[in-house]
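**Student:** Sharing run_14.txt here; it has compact mmCIF, C-alpha atoms and all ligand atoms.
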```
# COMPACT_ATOMS: atom_id res chain seq x y z
CA MET A 7 29.39 10.41 4.19
CA PRO A 8 27.82 11.73 7.41
CA THR A 9 28.80 9.59 10.40
CA ASP A 10 26.46 10.98 13.06
CA ARG A 11 22.91 9.73 13.50
CA ILE A 12 19.97 11.60 12.07
CA PRO A 13 16.89 12.34 14.22
CA ILE A 14 13.80 10.21 13.65
CA TYR A 15 10.28 11.67 13.81
CA LEU A 16 7.14 9.58 14.12
CA ALA A 17 4.75 10.33 11.25
CA PRO A 18 1.14 11.12 12.09
CA LEU A 19 -1.15 8.24 11.12
CA GLN A 20 -4.83 9.00 11.66
CA GLY A 21 -6.43 6.12 13.57
CA PHE A 22 -3.09 4.74 14.80
CA THR A 23 -0.65 7.24 16.32
CA ASP A 24 -3.16 8.68 18.77
CA ALA A 25 -2.48 9.81 22.36
CA VAL A 26 -2.61 6.26 23.74
CA PHE A 27 -0.24 4.87 21.11
CA ARG A 28 2.21 7.76 21.56
CA TYR A 29 2.14 7.27 25.34
CA ALA A 30 2.68 3.49 25.19
CA PHE A 31 5.36 3.91 22.54
CA GLN A 32 7.31 6.43 24.59
CA LYS A 33 7.01 4.33 27.72
CA HIS A 34 8.48 1.19 26.15
CA PHE A 35 10.54 2.24 23.12
CA GLY A 36 12.94 5.06 22.46
CA GLY A 37 14.69 6.80 19.64
CA VAL A 38 11.98 9.17 18.38
CA LYS A 39 12.80 12.85 18.63
CA LYS A 40 9.44 14.38 17.64
CA PHE A 41 5.84 13.22 17.51
CA PHE A 42 3.10 14.74 15.37
CA THR A 43 -0.62 14.43 16.03
CA PRO A 44 -2.89 13.36 13.21
CA PHE A 45 -4.48 16.50 11.74
CA PHE A 46 -7.00 18.73 13.49
CA ARG A 47 -9.64 20.23 11.29
CA LEU A 48 -12.79 22.27 11.46
CA GLU A 49 -16.13 20.68 10.77
CA ASP A 50 -19.07 23.07 10.46
CA GLY A 51 -16.91 25.79 11.95
CA GLU A 52 -16.00 23.76 15.06
CA ILE A 53 -12.95 21.72 16.03
CA ARG A 54 -13.88 18.06 16.01
CA ARG A 55 -14.33 16.71 19.53
CA ARG A 56 -12.46 13.51 18.79
CA GLU A 57 -9.22 15.36 18.03
CA LEU A 58 -9.59 17.66 21.02
CA ARG A 59 -10.13 14.69 23.32
CA ASP A 60 -7.02 13.08 21.92
CA ILE A 61 -4.71 15.99 22.60
CA GLU A 62 -6.29 16.55 26.01
CA LEU A 63 -5.52 12.93 26.81
CA SER A 64 -1.86 13.48 25.89
CA ILE A 65 -1.86 16.35 28.39
CA ARG A 66 -3.48 14.17 31.09
CA LEU A 67 -0.96 11.43 30.45
CA GLY A 68 1.86 13.95 30.80
CA ASN A 69 2.96 13.07 27.32
CA VAL A 70 3.38 16.32 25.44
CA GLU A 71 7.11 16.76 25.32
CA ASN A 72 8.21 16.87 21.68
CA LEU A 73 4.58 16.65 20.51
CA VAL A 74 3.64 18.85 17.56
CA PRO A 75 -0.07 19.28 16.77
CA GLN A 76 -0.94 19.17 13.08
CA ILE A 77 -3.75 21.11 11.38
CA ILE A 78 -5.29 20.94 7.92
CA ILE A 79 -6.60 24.24 6.55
CA SER A 80 -6.97 25.91 3.18
CA GLU A 81 -8.55 29.28 3.96
CA PRO A 82 -6.99 31.97 6.14
CA ASN A 83 -10.22 32.27 8.18
CA GLU A 84 -9.98 28.65 9.34
CA ALA A 85 -6.69 29.23 11.10
CA ASP A 86 -7.80 31.42 14.02
CA LEU A 87 -9.91 28.94 15.98
CA LEU A 88 -7.52 26.03 15.42
CA ILE A 89 -4.40 27.98 16.29
CA SER A 90 -5.86 29.78 19.31
CA THR A 91 -7.17 26.48 20.71
CA ILE A 92 -3.84 24.75 20.24
CA LYS A 93 -2.06 27.71 21.82
CA SER A 94 -4.42 27.67 24.79
CA LEU A 95 -3.47 24.02 25.35
CA GLY A 96 0.14 25.12 25.79
CA PHE A 97 1.70 24.32 22.40
CA ASN A 98 3.86 26.73 20.42
CA ARG A 99 4.59 24.54 17.39
CA ILE A 100 2.12 23.61 14.65
CA ASP A 101 2.54 21.43 11.57
CA ILE A 102 0.51 22.34 8.47
CA ASN A 103 -0.75 19.39 6.43
CA CYS A 104 -0.41 19.90 2.67
CA GLY A 105 -0.12 16.21 1.90
CA CYS A 106 -3.37 14.45 2.77
CA PRO A 107 -4.63 12.62 -0.35
CA TYR A 108 -8.31 12.20 0.65
CA PRO A 109 -10.45 13.44 -2.27
CA LEU A 110 -13.18 14.84 -0.01
CA LEU A 111 -10.65 17.18 1.61
CA ASN A 112 -8.66 17.80 -1.58
CA ARG A 113 -11.81 19.10 -3.28
CA LYS A 114 -11.89 21.81 -0.61
CA PHE A 115 -8.23 22.64 -1.44
CA LYS A 116 -7.10 20.94 1.78
CA GLY A 117 -4.07 18.68 2.20
CA ALA A 118 -2.44 18.03 -1.17
CA GLY A 119 -5.49 19.71 -2.75
CA ILE A 120 -3.87 23.11 -2.31
CA LEU A 121 -0.63 22.20 -4.14
CA PRO A 122 -1.82 22.90 -7.71
CA TYR A 123 -2.93 26.43 -6.61
CA PRO A 124 0.14 28.55 -5.76
CA GLU A 125 -1.97 31.68 -5.19
CA LYS A 126 -4.12 29.87 -2.60
CA LEU A 127 -1.07 28.50 -0.79
CA SER A 128 0.52 31.92 -0.87
CA ALA A 129 -2.56 33.57 0.70
CA LEU A 130 -2.75 30.86 3.35
CA LEU A 131 0.91 31.13 4.32
CA ASP A 132 0.82 34.92 4.33
CA SER A 133 -2.11 34.77 6.75
CA LEU A 134 -0.03 32.71 9.18
CA ALA A 135 2.62 35.40 9.53
CA LYS A 136 0.59 37.16 12.20
CA TYR A 137 0.96 34.22 14.61
CA SER A 138 4.48 35.28 15.42
CA ASP A 139 4.66 33.22 18.63
CA ILE A 140 4.03 29.94 16.79
CA ARG A 141 6.74 27.99 15.00
CA PHE A 142 5.23 26.38 11.93
CA SER A 143 6.40 23.40 9.95
CA LEU A 144 4.96 22.06 6.72
CA LYS A 145 4.30 18.46 5.63
CA MET A 146 3.67 18.03 1.94
CA ARG A 147 3.64 15.82 -1.12
CA LEU A 148 5.17 16.69 -4.47
CA GLY A 149 1.79 17.48 -6.00
CA MET A 150 -1.79 16.39 -6.57
CA THR A 151 -1.39 14.72 -9.94
CA SER A 152 2.08 15.72 -11.16
CA PRO A 153 5.29 15.65 -9.09
CA ASP A 154 6.40 18.88 -10.76
CA GLU A 155 3.66 20.91 -9.04
CA CYS A 156 5.94 21.45 -6.04
CA LEU A 157 8.56 23.21 -8.16
CA ALA A 158 6.14 26.07 -8.81
CA LEU A 159 5.81 26.55 -5.04
CA VAL A 160 9.48 27.04 -4.17
CA GLU A 161 9.44 30.81 -4.21
CA ILE A 162 6.26 31.00 -2.09
CA ILE A 163 7.50 28.50 0.48
CA ASN A 164 10.91 30.20 0.69
CA ARG A 165 9.23 33.49 1.61
CA PHE A 166 8.06 31.92 4.83
CA SER A 167 10.16 30.79 7.76
CA PHE A 168 9.35 27.16 8.58
CA GLU A 169 11.00 25.11 11.27
CA HIS A 170 11.26 22.33 8.70
CA ILE A 171 9.53 20.98 5.60
CA THR A 172 8.64 17.30 5.56
CA ILE A 173 8.46 15.92 2.05
CA HIS A 174 6.64 12.71 1.17
CA PRO A 175 7.77 12.36 -2.45
CA ARG A 176 4.58 11.06 -3.98
CA THR A 177 1.60 12.74 -5.60
CA ALA A 178 -1.82 12.51 -3.95
CA LYS A 179 -2.94 10.45 -6.94
CA GLN A 180 -0.45 7.78 -5.88
CA ASN A 181 -1.95 7.66 -2.40
CA TYR A 182 0.50 5.55 -0.32
CA GLY A 183 1.67 3.19 -3.06
CA GLY A 184 3.83 3.28 -6.16
CA GLU A 185 7.36 4.60 -6.40
CA VAL A 186 8.58 7.62 -4.48
CA ASP A 187 10.04 10.17 -6.91
CA LEU A 188 13.52 10.75 -5.51
CA GLU A 189 14.70 12.80 -8.47
CA VAL A 190 12.05 15.49 -7.99
CA PHE A 191 12.49 15.17 -4.22
CA LYS A 192 16.16 16.08 -4.55
CA ARG A 193 15.52 18.92 -6.97
CA PHE A 194 12.74 20.41 -4.83
CA ALA A 195 14.51 19.90 -1.50
CA THR A 196 17.71 21.56 -2.64
CA LEU A 197 15.80 24.60 -3.91
CA LEU A 198 14.18 25.12 -0.51
CA LYS A 199 16.03 27.13 2.10
CA HIS A 200 14.51 25.23 5.04
CA PRO A 201 15.63 22.14 6.95
CA ILE A 202 14.25 19.13 5.07
CA VAL A 203 12.70 16.01 6.58
CA TYR A 204 12.47 12.97 4.30
CA ASN A 205 9.34 10.81 4.68
CA GLY A 206 8.31 7.68 2.81
CA ASP A 207 8.58 3.88 2.94
CA ILE A 208 11.47 3.59 5.42
CA ILE A 209 11.33 0.19 7.11
CA ASP A 210 14.87 -0.55 8.33
CA THR A 211 18.05 1.04 9.65
CA GLN A 212 19.95 0.40 6.42
CA GLN A 213 17.48 2.61 4.56
CA ILE A 214 17.89 5.39 7.12
CA ASN A 215 21.66 5.24 6.57
CA ASP A 216 21.21 5.17 2.80
CA TYR A 217 18.89 8.19 2.75
CA TYR A 218 21.24 10.15 4.98
CA GLN A 219 24.20 9.21 2.82
CA ASN A 220 22.49 9.94 -0.51
CA TYR A 221 20.76 13.13 0.68
CA PRO A 222 23.12 14.62 3.29
CA PHE A 223 21.10 17.85 3.28
CA ILE A 224 18.20 16.21 5.17
CA SER A 225 17.91 17.12 8.84
CA ALA A 226 15.65 14.25 9.96
CA VAL A 227 13.65 11.32 8.65
CA MET A 228 9.99 10.81 9.45
CA ILE A 229 8.72 7.24 9.66
CA GLY A 230 5.13 6.04 9.96
CA ARG A 231 4.16 2.56 8.81
CA GLY A 232 7.71 1.26 9.32
CA ILE A 233 7.54 2.10 13.04
CA LEU A 234 4.06 0.60 13.41
CA ALA A 235 5.37 -2.60 11.83
CA ASN A 236 8.57 -2.60 13.89
CA PRO A 237 8.37 -0.26 16.88
CA PHE A 238 11.98 -1.19 17.74
CA LEU A 239 13.26 0.50 14.59
CA PRO A 240 14.24 3.88 16.12
CA MET A 241 15.96 2.11 19.04
CA GLU A 242 17.76 -0.23 16.67
CA TYR A 243 19.04 2.81 14.80
CA ALA A 244 20.09 4.65 17.98
CA GLU A 245 21.77 1.73 19.73
CA THR A 246 24.96 0.06 18.73
CA SER A 247 24.34 -3.16 20.65
CA SER A 248 21.37 -5.38 19.87
CA ILE A 249 18.22 -5.06 21.96
CA GLN A 250 17.69 -7.86 24.49
CA ASP A 251 14.38 -9.52 25.17
CA LYS A 252 12.35 -7.92 22.43
CA LYS A 253 9.39 -10.23 23.02
CA SER A 254 8.77 -9.09 26.57
CA ILE A 255 9.31 -5.42 25.64
CA PHE A 256 6.68 -5.79 22.91
CA LEU A 257 4.25 -7.59 25.23
CA ASP A 258 4.70 -4.90 27.91
CA PHE A 259 4.09 -2.21 25.28
CA HIS A 260 1.02 -4.07 24.04
CA ASN A 261 -0.27 -4.36 27.60
CA THR A 262 0.13 -0.62 28.19
CA LEU A 263 -1.66 0.08 24.89
CA LEU A 264 -4.57 -2.18 25.79
CA THR A 265 -4.99 -1.13 29.42
CA THR A 266 -4.71 2.57 28.54
CA TYR A 267 -7.40 2.23 25.88
CA LEU A 268 -9.61 0.40 28.39
CA LYS A 269 -9.06 3.12 30.95
CA TYR A 270 -9.79 6.10 28.72
CA SER A 271 -12.03 4.78 25.95
CA GLU A 272 -15.58 6.10 25.89
CA GLY A 273 -16.75 2.82 24.37
CA GLY A 274 -16.78 -0.60 25.97
CA GLU A 275 -14.61 -3.67 25.65
CA SER A 276 -15.77 -4.58 22.18
CA GLN A 277 -14.80 -1.14 20.86
CA VAL A 278 -11.34 -1.51 22.40
CA LEU A 279 -11.07 -5.00 20.88
CA ASP A 280 -11.86 -3.57 17.42
CA LYS A 281 -9.31 -0.81 17.97
CA MET A 282 -6.58 -3.24 19.01
CA LYS A 283 -7.25 -5.45 16.00
CA THR A 284 -6.60 -2.56 13.61
CA PHE A 285 -2.96 -2.35 14.75
CA TRP A 286 -2.37 -5.88 13.47
CA GLU A 287 -2.68 -4.53 9.94
CA TYR A 288 0.89 -3.29 10.59
CA PHE A 289 2.37 -4.85 13.75
CA LEU A 290 5.28 -7.29 13.43
CA PRO A 291 5.64 -8.67 9.89
CA THR A 292 7.24 -11.87 11.27
CA PHE A 293 4.31 -12.59 13.60
CA PRO A 294 2.91 -16.06 12.77
CA HIS A 295 0.23 -15.83 10.10
CA LYS A 296 -2.03 -18.31 11.88
CA ASN A 297 -2.04 -16.28 15.12
CA ARG A 298 -2.65 -13.05 13.21
CA LYS A 299 -5.77 -14.61 11.69
CA GLN A 300 -6.89 -15.79 15.12
CA ILE A 301 -6.41 -12.28 16.51
CA LEU A 302 -8.57 -10.79 13.79
CA LYS A 303 -11.30 -13.36 14.46
CA SER A 304 -11.23 -13.15 18.26
CA ARG A 305 -14.52 -12.23 19.89
CA THR A 306 -13.41 -11.25 23.38
CA LEU A 307 -10.45 -9.35 24.73
CA HIS A 308 -9.48 -12.40 26.75
CA GLU A 309 -9.33 -14.54 23.61
CA TYR A 310 -7.49 -11.76 21.76
CA GLU A 311 -4.80 -11.37 24.42
CA GLY A 312 -4.20 -15.12 24.44
CA PHE A 313 -3.47 -15.15 20.69
CA VAL A 314 -1.16 -12.13 20.98
CA ILE A 315 0.89 -13.84 23.69
CA ILE A 316 1.03 -17.19 21.87
CA GLY A 317 2.01 -15.46 18.61
CA VAL A 318 4.74 -13.26 20.12
CA ARG A 319 6.25 -16.20 22.02
CA GLY A 320 6.19 -18.25 18.80
CA MET A 321 8.10 -15.67 16.76
CA ASP A 322 11.59 -16.53 15.51
C1 LIG B 401 -3.65 5.30 7.83
C2 LIG B 401 -2.84 6.54 7.57
C3 LIG B 401 -3.18 7.73 8.19
C4 LIG B 401 -2.43 8.91 7.96
N1 LIG B 401 -2.77 10.08 8.61
C5 LIG B 401 -2.01 11.20 8.41
C6 LIG B 401 -2.29 12.44 9.09
O1 LIG B 401 -3.20 12.57 9.89
N2 LIG B 401 -1.48 13.50 8.81
C7 LIG B 401 -0.43 13.42 7.93
O2 LIG B 401 0.28 14.39 7.74
N3 LIG B 401 -0.16 12.28 7.28
C8 LIG B 401 -0.92 11.17 7.52
N4 LIG B 401 -0.58 10.01 6.87
C9 LIG B 401 0.65 9.97 6.06
C10 LIG B 401 1.85 9.55 6.92
O3 LIG B 401 2.14 10.52 7.91
C11 LIG B 401 3.10 9.37 6.05
O4 LIG B 401 3.36 10.57 5.35
C12 LIG B 401 2.96 8.23 5.06
O5 LIG B 401 2.41 7.08 5.68
C13 LIG B 401 4.32 7.89 4.42
O6 LIG B 401 5.26 7.56 5.41
P1 LIG B 401 5.61 6.03 5.80
O7 LIG B 401 5.89 5.30 4.50
O8 LIG B 401 6.79 6.11 6.70
O9 LIG B 401 4.38 5.46 6.48
C14 LIG B 401 -1.33 8.86 7.07
C15 LIG B 401 -0.99 7.65 6.44
C16 LIG B 401 -1.72 6.50 6.69
C17 LIG B 401 -1.32 5.21 6.00
```
If you took the structure in this file and wrote it as C-alpha cells, what would it be?
**Tutor:**
Amino acid sequence: MPTDRIPIYLAPLQGFTDAVFRYAFQKHFGGVKKFFTPFFRLEDGEIRRRELRDIELSIRLGNVENLVPQIIISEPNEADLLISTIKSLGFNRIDINCGCPYPLLNRKFKGAGILPYPEKLSALLDSLAKYSDIRFSLKMRLGMTSPDECLALVEIINRFSFEHITIHPRTAKQNYGGEVDLEVFKRFATLLKHPIVYNGDIIDTQQINDYYQNYPFISAVMIGRGILANPFLPMEYAETSSIQDKKSIFLDFHNTLLTTYLKYSEGGESQVLDKMKTFWEYFLPTFPHKNRKQILKSRTLHEYEGFVIIGVRGMD
C-alpha cells in the first residue's frame, strides 16, 4: 500500500469555483495542488466575456499559480482563438473538457458528446499537436450512454501526450448521480499510458486513502463537491494533527469570499446576496438546518451575514 500522500486537485465547478472562490480558498485553506477553471467556450465565434473576466480577475488577484484554464471544443477550428487567448494571458497548460453532460453542448459533439465518435476525437486531438508550447490534459467521462465507449478511445488517446487524464467514471446519461463504474475505470485507466487522476464523489480523507490503496496507479485525485461541502478536506488530508479553530477559519474565508465579490462584482448587493446563497447548496453539511433555511430566505446582506455567523457558531 502506498504510504505517501497523493496530490489533490480542485475540480472545476461552473458557477462555484470561479476566480473569487479560488482566491478565498487559497487564502484560508491549503492542500490543493492544482486548480482548474470552469470551461471556456466560443459563442458565435467569440470567447464569452464572463469567462474572460473571470480569468482576468485571477490575474488581478495574483492568483494564477497552479491554475489550469479549461476549454470545451469539438472542432479543430475552434481551438485557435481559445488557445491563443489563453496563451496571451500567460498560461501554458490547458485542460480539454470531454466530460460535460449538458445536452445542448453534447448535441454539438462537445464535452462527453464527442466520446461516442472516435474519428471526431481523433481529428480534434491531432489538430492540437501544432500547439507544441502548450501542455494539454484531458478530463473525461467513460461515455455518453455506455461506459464501454471509452475503451474504443484508448488507442487514439495514447497517440497523444497528455500531462494527465482525469477520469470521472460515469456516463453523461448519469449526470452527477448514480454509481461510479470502478470496474470500467480500472480497465480503461490501466490501458492508458498517461498519469491518471481519479474524480468522483470523494467526500472524506478515508476515501482518498482507499482510492489510492485500491488504485495505486493514480497520480492525483480531483475533488469538487466534497471540497465545497468541506473546504477543510485537503488540509485534513495533508496534516497529521487536527485543525484548530475551524469556525473562525471558515468565517474568515466566508468574509473574504463576500467582500471580494462585493469589490469586483458588476452587479449590486442583491446580486452578490444571490451568489452567496448558491454556495449553501453545498457548504457545511453539519450547519444547522434552521439557519440554512434562514440564509436562503434572507433579503439583505446584513441579515444573511447574521445567519451565517449564528449558524457557524452553533455547529457541533
Ligand atoms: C455545478 C457543477 C458544475 C460543473 N462544471 C464543470 C466544468 O466547468 N468543467 C468540468 O470539467 N466539470 C464540471 N463539473 C464536473 C466536476 O468537475 C466533477 O467532475 C464532478 O462534480 C464530479 O466530481 P465530485 O464528485 O468531486 O464533485 C461540474 C459539476 C457540477 C456539479
**Student:** Pick from A:Gly183, A:Pro18, A:Gly51, A:Gly273: nearest to ligand LIG 401 (chain B), with only C-alpha atoms and all ligand atoms counted?
**Tutor:**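 Between A:Gly183, A:Pro18, A:Gly51, A:Gly273, the residue approaching ligand LIG 401 (chain B) most closely is A:Pro18.
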**Student:** Which residues form the shell of 6 Å around ligand LIG 401 (chain B) when you count all atoms listed in the file, given as a list in words?
**Tutor:**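 Those within range of ligand LIG 401 (chain B) are Ala17, Pro18, Leu19, Gln20, Pro44, Phe45, Asn103, Cys106, His174, Asn205, Gly206, Asp207, Ile208, Ile229, Gly230, Arg231 and Gly232 of chain A.
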**Student:** Can you tell me, as an mmCIF file with C-alpha atoms, in the coordinates of the input, what residues are no more than 12 Å from Met282 (chain A) when counting only C-alpha atoms, ignoring any on the same chain fewer than 2 positions away?
**Tutor:**
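Contents of result29.cif, freshly written:
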```cif
data_model
loop_
_atom_site.group_PDB
_atom_site.id
_atom_site.type_symbol
_atom_site.label_atom_id
_atom_site.label_comp_id
_atom_site.auth_asym_id
_atom_site.auth_seq_id
_atom_site.Cartn_x
_atom_site.Cartn_y
_atom_site.Cartn_z
ATOM 1 C CA GLY A 21 -6.430 6.120 13.570
ATOM 2 C CA PHE A 22 -3.090 4.740 14.800
ATOM 3 C CA VAL A 26 -2.610 6.260 23.740
ATOM 4 C CA PHE A 27 -0.240 4.870 21.110
ATOM 5 C CA HIS A 260 1.020 -4.070 24.040
ATOM 6 C CA ASN A 261 -0.270 -4.360 27.600
ATOM 7 C CA THR A 262 0.130 -0.620 28.190
ATOM 8 C CA LEU A 263 -1.660 0.080 24.890
ATOM 9 C CA LEU A 264 -4.570 -2.180 25.790
ATOM 10 C CA THR A 265 -4.990 -1.130 29.420
ATOM 11 C CA THR A 266 -4.710 2.570 28.540
ATOM 12 C CA TYR A 267 -7.400 2.230 25.880
ATOM 13 C CA LEU A 268 -9.610 0.400 28.390
ATOM 14 C CA SER A 271 -12.030 4.780 25.950
ATOM 15 C CA GLU A 275 -14.610 -3.670 25.650
ATOM 16 C CA SER A 276 -15.770 -4.580 22.180
ATOM 17 C CA GLN A 277 -14.800 -1.140 20.860
ATOM 18 C CA VAL A 278 -11.340 -1.510 22.400
ATOM 19 C CA LEU A 279 -11.070 -5.000 20.880
ATOM 20 C CA ASP A 280 -11.860 -3.570 17.420
ATOM 21 C CA THR A 284 -6.600 -2.560 13.610
ATOM 22 C CA PHE A 285 -2.960 -2.350 14.750
ATOM 23 C CA TRP A 286 -2.370 -5.880 13.470
ATOM 24 C CA GLU A 287 -2.680 -4.530 9.940
ATOM 25 C CA TYR A 288 0.890 -3.290 10.590
ATOM 26 C CA PHE A 289 2.370 -4.850 13.750
ATOM 27 C CA ILE A 301 -6.410 -12.280 16.510
ATOM 28 C CA LEU A 302 -8.570 -10.790 13.790
ATOM 29 C CA SER A 304 -11.230 -13.150 18.260
ATOM 30 C CA THR A 306 -13.410 -11.250 23.380
ATOM 31 C CA LEU A 307 -10.450 -9.350 24.730
ATOM 32 C CA TYR A 310 -7.490 -11.760 21.760
ATOM 33 C CA GLU A 311 -4.800 -11.370 24.420
ATOM 34 C CA VAL A 314 -1.160 -12.130 20.980
#
```
**Student:** Work out how far CA of Phe42 (chain A) is from CA of Arg99 (chain A), in Å to one decimal.
**Tutor:**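 Between these atoms lies a distance of 10.1 Å.
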**Student:** If we count all atoms listed in the file and set the cut-off at 9 Å, which residues sit around Pro109 (chain A), ignoring sequence neighbours fewer than 5 positions away in its own chain? Please answer as an MDAnalysis selection string.
**Tutor:** chainID A and resid 114 119 178
**Student:** Measuring atom to atom with all atoms listed in the file, identify which of A:Arg319, A:Arg56, A:Lys199, A:His308 is nearest to Asn164 (chain A).
**Tutor:**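 Looking only at the distances to Asn164 (chain A), the closest residue turns out to be A:Lys199.
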**Student:** Provide the CA of Leu88 (chain A) to CA of Ile53 (chain A) distance in Å, to one decimal place.
**Tutor:**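 So the answer is 7.0 Å.
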